[in-house]
Amino acid sequence: MTEATLLIRGGTIIDGTGAEPFAADIALAGDRIAAIGRNLSVPRGTEEIDARGRIVTPGFVDIHTHYDAQVTWAERLESSSHHGVTTVLLGNCGVGFAPCRPESRDMLVKLMEGVEDLPEVVLTEGLPWSWQSFPEYLDFLAGRRFDMDVAAQIPHAALRIHVMGRRGFAREDATEADRAEMARLAAEGMRAGAFGFSTSRAIAHRTLAGEPTPTLGAAEAELVAIGRAMGGRGWIQLISDFDDPAEEEWERLVRVARAAGRPMTFSLLQRESRPDFWRWLLGQVEDANAAGVRVTGQVMGRPVGLMFGWELSQHPFLHRPSYRAVMHLPLDARLAALRDPSLRTKIIAEPTEDAALRARLNNWNRIYRLGTPPDYEPAPETSVGAVARARGLDPAALCYDWMMEEEGRAILNRPLLNYADGNLDAIREMVTHPHTLMGLGDGGAHVGYICDASAPTHMLVHWARDRGHGRLSLPFAVKRLSSDNARALGLTDRGEIRENLKADLNIIDFEHLSLGRPTIRHDLPAGGKRLVQEAGGYDATIVSGVVTRRHGLATGALPGRLLRSTDTP
């Protein structure tokens, strides 16, 4: 054995393959796993970690993040680093910051602000813009250090705007010359090490002014030209409403994947308006794979929605005139005003005029206390509406009062997706399907009202330990979070605990693993706020053989690097 640099002694190994757990020591040598076995002998003085009574897993691979901006100013990619994640993929949903000409920066900033809830002032002050081309962006990231490895995709919106300028932002059809130039730049990005190409066809993806994402409805010829230019590497990642109608949109996207000769992966979620539509999509996925086109649905192990609170960016009273009269006040002053009985009465009495906003923000039967620890599968009878009916109360008044708890910092949860049935049974079917991957945590995005980067910990706590029925095995859950995602990205050097693989590992007190309550921090550029969710029970997270976190605290080590697809086998 190569001389060990770290020994993990006596842990129960969940190796990432789905195999049964086994007890063994793990010896690390530099950034590799050197040996696995019982009672390993290492030189005197080798650092040891006592893992008895703990599980040891591979580091988790998060395939759906939006750290495109955060990686340019931060070294620790929180919240992901709190939850055992050792590799992240950014550049999802067609949004990002490269390629970009100086005159186009404002368009990409406004788009990211609207689509991913990253305030313009944060991006304007934080982004160094030390690049124009996508290869230059990767080179910039290659010069930085992180607490995990980082991989990137080419975002369609940035590509389109770079080539077409305002025409692209305005969703004009690309000319043959435009398509050729986008294809050339996509090929250039793939040669530089991109892991794929991403696009959005979602109506909800808009700037704050209501302008749709530039890629909405992009022509098949445009997507095919870019896909064919990928050079046999990476995947096509997308989000679509499949409302075009669904059959036509699905067939169009499968044709793109077939023409490109690349796998396609897309966001798969249960909608309130079409609660069984996900089943139709999974049927199409099965047919596509049977026909030789590799397609996977990216799924989430819990509901996706909004967190409500006076301190957050969204809540049920946000668009009521009397609230808007005080919303500009600092939080403490605002809370003092909201405690005034007369203002409370006025706000509660005012309607939310916009019907779409009312459905999102004032559906009292779909709003719950988040709780401590957070409960992502609340019982229907615990909703604002159900409790108000049982007590003979006005649901708006009850919701207002719940938000005033915890000194005005209480958080409520409004599931928008994956909770149409009032439980997570549909999610279980998605998670266990052979053509799905675990993703959609959106780390680095929606910073004022979503904090789903904690999904890996939830997967272990809820699905592999605490759920009373339909529980999943721990080896299966770990495999989903590690090797399945690594293999989907073509990363064959990680995701499993095996000799000669990369030493990315977690040592976890599984019995006491827990999710913390999301909290607001004002640590973004320009003092911007973001939600961060911590976890308890991670004894250590190891990246490239180096301990990056111990018992929830960062060690200061930054072994994470930019990954390039060109460096993978």
# chains A, B, ... in the order shown; residues from 1 in each chain; ligands from 1

call {"tool": "residues_around", "arguments": {"residues": "A:Arg252", "least_positions_apart": "3", "cutoff": "10 Å", "atoms": "only C-alpha atoms", "output": "PyMOL selection string"}}
result
chain A and resi 219-220+223-224+246-249+255-258

call {"tool": "write_last_selection", "arguments": {"atoms": "N, CA and C atoms", "output": "short mmCIF file (atom, residue, chain, number, x, y, z; two decimals), in the first residue's frame"}}
result
data_model
loop_
_atom_site.label_atom_id
_atom_site.label_comp_id
_atom_site.auth_asym_id
_atom_site.auth_seq_id
_atom_site.Cartn_x
_atom_site.Cartn_y
_atom_site.Cartn_z
N ALA A 219 -36.17 27.28 -31.76
CA ALA A 219 -36.51 26.35 -32.83
C ALA A 219 -35.69 25.07 -32.74
N GLU A 220 -36.29 24.00 -33.24
CA GLU A 220 -35.61 22.71 -33.25
C GLU A 220 -34.29 22.78 -34.00
N LEU A 223 -31.56 24.05 -31.72
CA LEU A 223 -31.12 23.06 -30.74
C LEU A 223 -30.33 21.94 -31.39
N VAL A 224 -30.74 21.52 -32.57
CA VAL A 224 -30.02 20.46 -33.26
C VAL A 224 -28.61 20.92 -33.63
N ALA A 246 -48.06 18.69 -25.39
CA ALA A 246 -47.03 17.86 -24.79
C ALA A 246 -46.41 16.88 -25.78
N GLU A 247 -47.25 16.23 -26.58
CA GLU A 247 -46.73 15.21 -27.50
C GLU A 247 -45.76 15.83 -28.50
N GLU A 248 -46.11 17.00 -29.03
CA GLU A 248 -45.25 17.64 -30.02
C GLU A 248 -43.93 18.08 -29.38
N GLU A 249 -44.02 18.68 -28.20
CA GLU A 249 -42.80 19.13 -27.53
C GLU A 249 -41.90 17.96 -27.19
N ARG A 255 -36.11 14.18 -30.78
CA ARG A 255 -35.41 14.30 -32.07
C ARG A 255 -34.09 15.05 -31.90
N VAL A 256 -34.09 16.08 -31.08
CA VAL A 256 -32.86 16.84 -30.82
C VAL A 256 -31.81 15.93 -30.19
N ALA A 257 -32.21 15.17 -29.16
CA ALA A 257 -31.26 14.27 -28.50
C ALA A 257 -30.73 13.21 -29.46
N ARG A 258 -31.63 12.70 -30.31
CA ARG A 258 -31.20 11.67 -31.28
C ARG A 258 -30.23 12.27 -32.30
#

call {"tool": "select_by_dssp", "arguments": {"residues": "stretch 279-444 of chain A", "states": "helix (DSSP H, G or I)", "output": "number ranges by chain"}}
result
A: 279-290, 321-324, 331-338, 341-349, 355-361, 364-366, 380-382, 384-391, 395-403, 405-408, 425-431

call {"tool": "closest_residue", "arguments": {"among": "A:Asp539, A:Asp425, A:Asp332, A:Asp15", "to": "A:Ile497", "atoms": "only C-alpha atoms"}}
result
A:Asp15

call {"tool": "residues_around", "arguments": {"residues": "A:Phe476", "least_positions_apart": "5", "cutoff": "12 Å", "atoms": "only C-alpha atoms", "output": "compact mmCIF listing (two decimals) with N, CA and C atoms, in the first residue's frame"}}
result
# COMPACT_ATOMS: atom_id res chain seq x y z
N ILE A 14 -21.07 2.20 3.41
CA ILE A 14 -22.14 2.17 2.40
C ILE A 14 -21.45 2.61 1.12
N ASP A 15 -21.09 1.68 0.26
CA ASP A 15 -20.06 1.97 -0.75
C ASP A 15 -20.54 2.68 -2.01
N GLY A 16 -21.85 2.96 -2.11
CA GLY A 16 -22.35 3.70 -3.28
C GLY A 16 -22.82 2.83 -4.42
N THR A 17 -22.63 1.52 -4.31
CA THR A 17 -23.06 0.62 -5.38
C THR A 17 -24.45 0.06 -5.16
N GLY A 18 -25.00 0.27 -3.95
CA GLY A 18 -26.26 -0.35 -3.57
C GLY A 18 -26.06 -1.66 -2.82
N ALA A 19 -24.81 -2.08 -2.66
CA ALA A 19 -24.52 -3.33 -1.96
C ALA A 19 -24.77 -3.18 -0.46
N GLU A 20 -24.85 -4.30 0.23
CA GLU A 20 -25.08 -4.29 1.67
C GLU A 20 -23.92 -3.63 2.41
N PRO A 21 -24.20 -2.98 3.50
CA PRO A 21 -23.14 -2.34 4.29
C PRO A 21 -22.16 -3.39 4.83
N THR A 57 -19.81 7.02 3.66
CA THR A 57 -20.40 7.01 2.32
C THR A 57 -19.47 7.73 1.34
N VAL A 431 -38.49 8.54 -7.58
CA VAL A 431 -37.14 8.31 -7.07
C VAL A 431 -36.68 6.89 -7.38
N THR A 432 -37.59 5.94 -7.36
CA THR A 432 -37.21 4.53 -7.55
C THR A 432 -37.28 4.08 -9.00
N HIS A 433 -37.63 4.98 -9.91
CA HIS A 433 -37.72 4.61 -11.32
C HIS A 433 -36.31 4.44 -11.90
N PRO A 434 -36.10 3.45 -12.76
CA PRO A 434 -34.74 3.21 -13.28
C PRO A 434 -34.21 4.29 -14.21
N MET A 438 -31.38 11.85 -9.08
CA MET A 438 -31.69 12.78 -8.01
C MET A 438 -31.04 14.13 -8.31
N MET A 459 -32.91 13.25 2.01
CA MET A 459 -33.04 11.92 1.41
C MET A 459 -32.66 10.84 2.42
N LEU A 460 -31.59 11.06 3.17
CA LEU A 460 -31.14 10.08 4.14
C LEU A 460 -32.04 10.05 5.37
N TRP A 463 -36.20 9.48 3.92
CA TRP A 463 -36.51 8.29 3.13
C TRP A 463 -35.80 7.03 3.64
N ALA A 464 -34.60 7.17 4.16
CA ALA A 464 -33.85 5.98 4.57
C ALA A 464 -33.90 5.72 6.07
N ARG A 471 -40.39 3.28 3.27
CA ARG A 471 -39.00 3.66 3.49
C ARG A 471 -38.10 3.04 2.43
N LEU A 481 -27.50 9.24 -4.49
CA LEU A 481 -26.85 10.52 -4.26
C LEU A 481 -25.41 10.56 -4.74
N SER A 482 -24.84 9.40 -5.03
CA SER A 482 -23.41 9.37 -5.33
C SER A 482 -23.12 8.76 -6.70
N SER A 483 -23.06 7.44 -6.77
CA SER A 483 -22.57 6.82 -8.01
C SER A 483 -23.52 7.02 -9.19
N ASP A 484 -24.82 7.01 -8.96
CA ASP A 484 -25.75 7.20 -10.09
C ASP A 484 -25.51 8.54 -10.77

call {"tool": "closest_residue", "arguments": {"among": "A:Gly537, A:Ala158, A:Val478, A:Ala29", "to": "A:Arg550", "atoms": "only C-alpha atoms"}}
result
A:Gly537

call {"tool": "residues_around", "arguments": {"residues": "A:Arg76", "least_positions_apart": "5", "cutoff": "10 Å", "atoms": "only C-alpha atoms", "output": "compact mmCIF listing (two decimals) with C-alpha atoms, in the first residue's frame"}}
result
# COMPACT_ATOMS: atom_id res chain seq x y z
CA GLN A 70 -21.21 32.25 -6.24
CA VAL A 71 -18.17 30.36 -7.53
CA SER A 81 -21.14 21.81 1.64
CA HIS A 82 -23.23 21.36 4.81
CA ARG A 145 -10.13 26.96 -4.94
CA PHE A 146 -13.29 25.56 -3.37
CA ASP A 147 -14.50 23.20 -0.67
CA MET A 148 -15.76 20.82 -3.37
CA THR A 548 -13.10 20.05 4.59
CA ALA A 554 -15.42 24.29 7.92
CA GLY A 556 -10.54 26.03 6.05
CA ALA A 557 -9.17 23.45 3.63
CA LEU A 558 -10.06 24.11 -0.02
CA GLY A 560 -11.89 21.47 -4.60

call {"tool": "atom_distance", "arguments": {"atom1": "atom CA of A:Cys399", "atom2": "atom CA of A:Pro316"}}
result
8.2 Å

call {"tool": "closest_residue", "arguments": {"among": "A:Pro263, A:Gly196, A:Gly470, A:Gly210", "to": "A:Gly114", "atoms": "only C-alpha atoms"}}
result
A:Gly210

call {"tool": "closest_residue", "arguments": {"among": "A:Ala186, A:Ile8, A:Ile239, A:Val326", "to": "A:Leu268", "atoms": "only C-alpha atoms"}}
result
A:Ile239

call {"tool": "select_by_dssp", "arguments": {"residues": "stretch 289-334 of chain A", "states": "strand (DSSP E or B)", "output": "list in words"}}
result
Val295, Thr296, Gly297, Gln298, Val299, Val304, Gly305, Leu306, Met307 and Phe308 of chain A
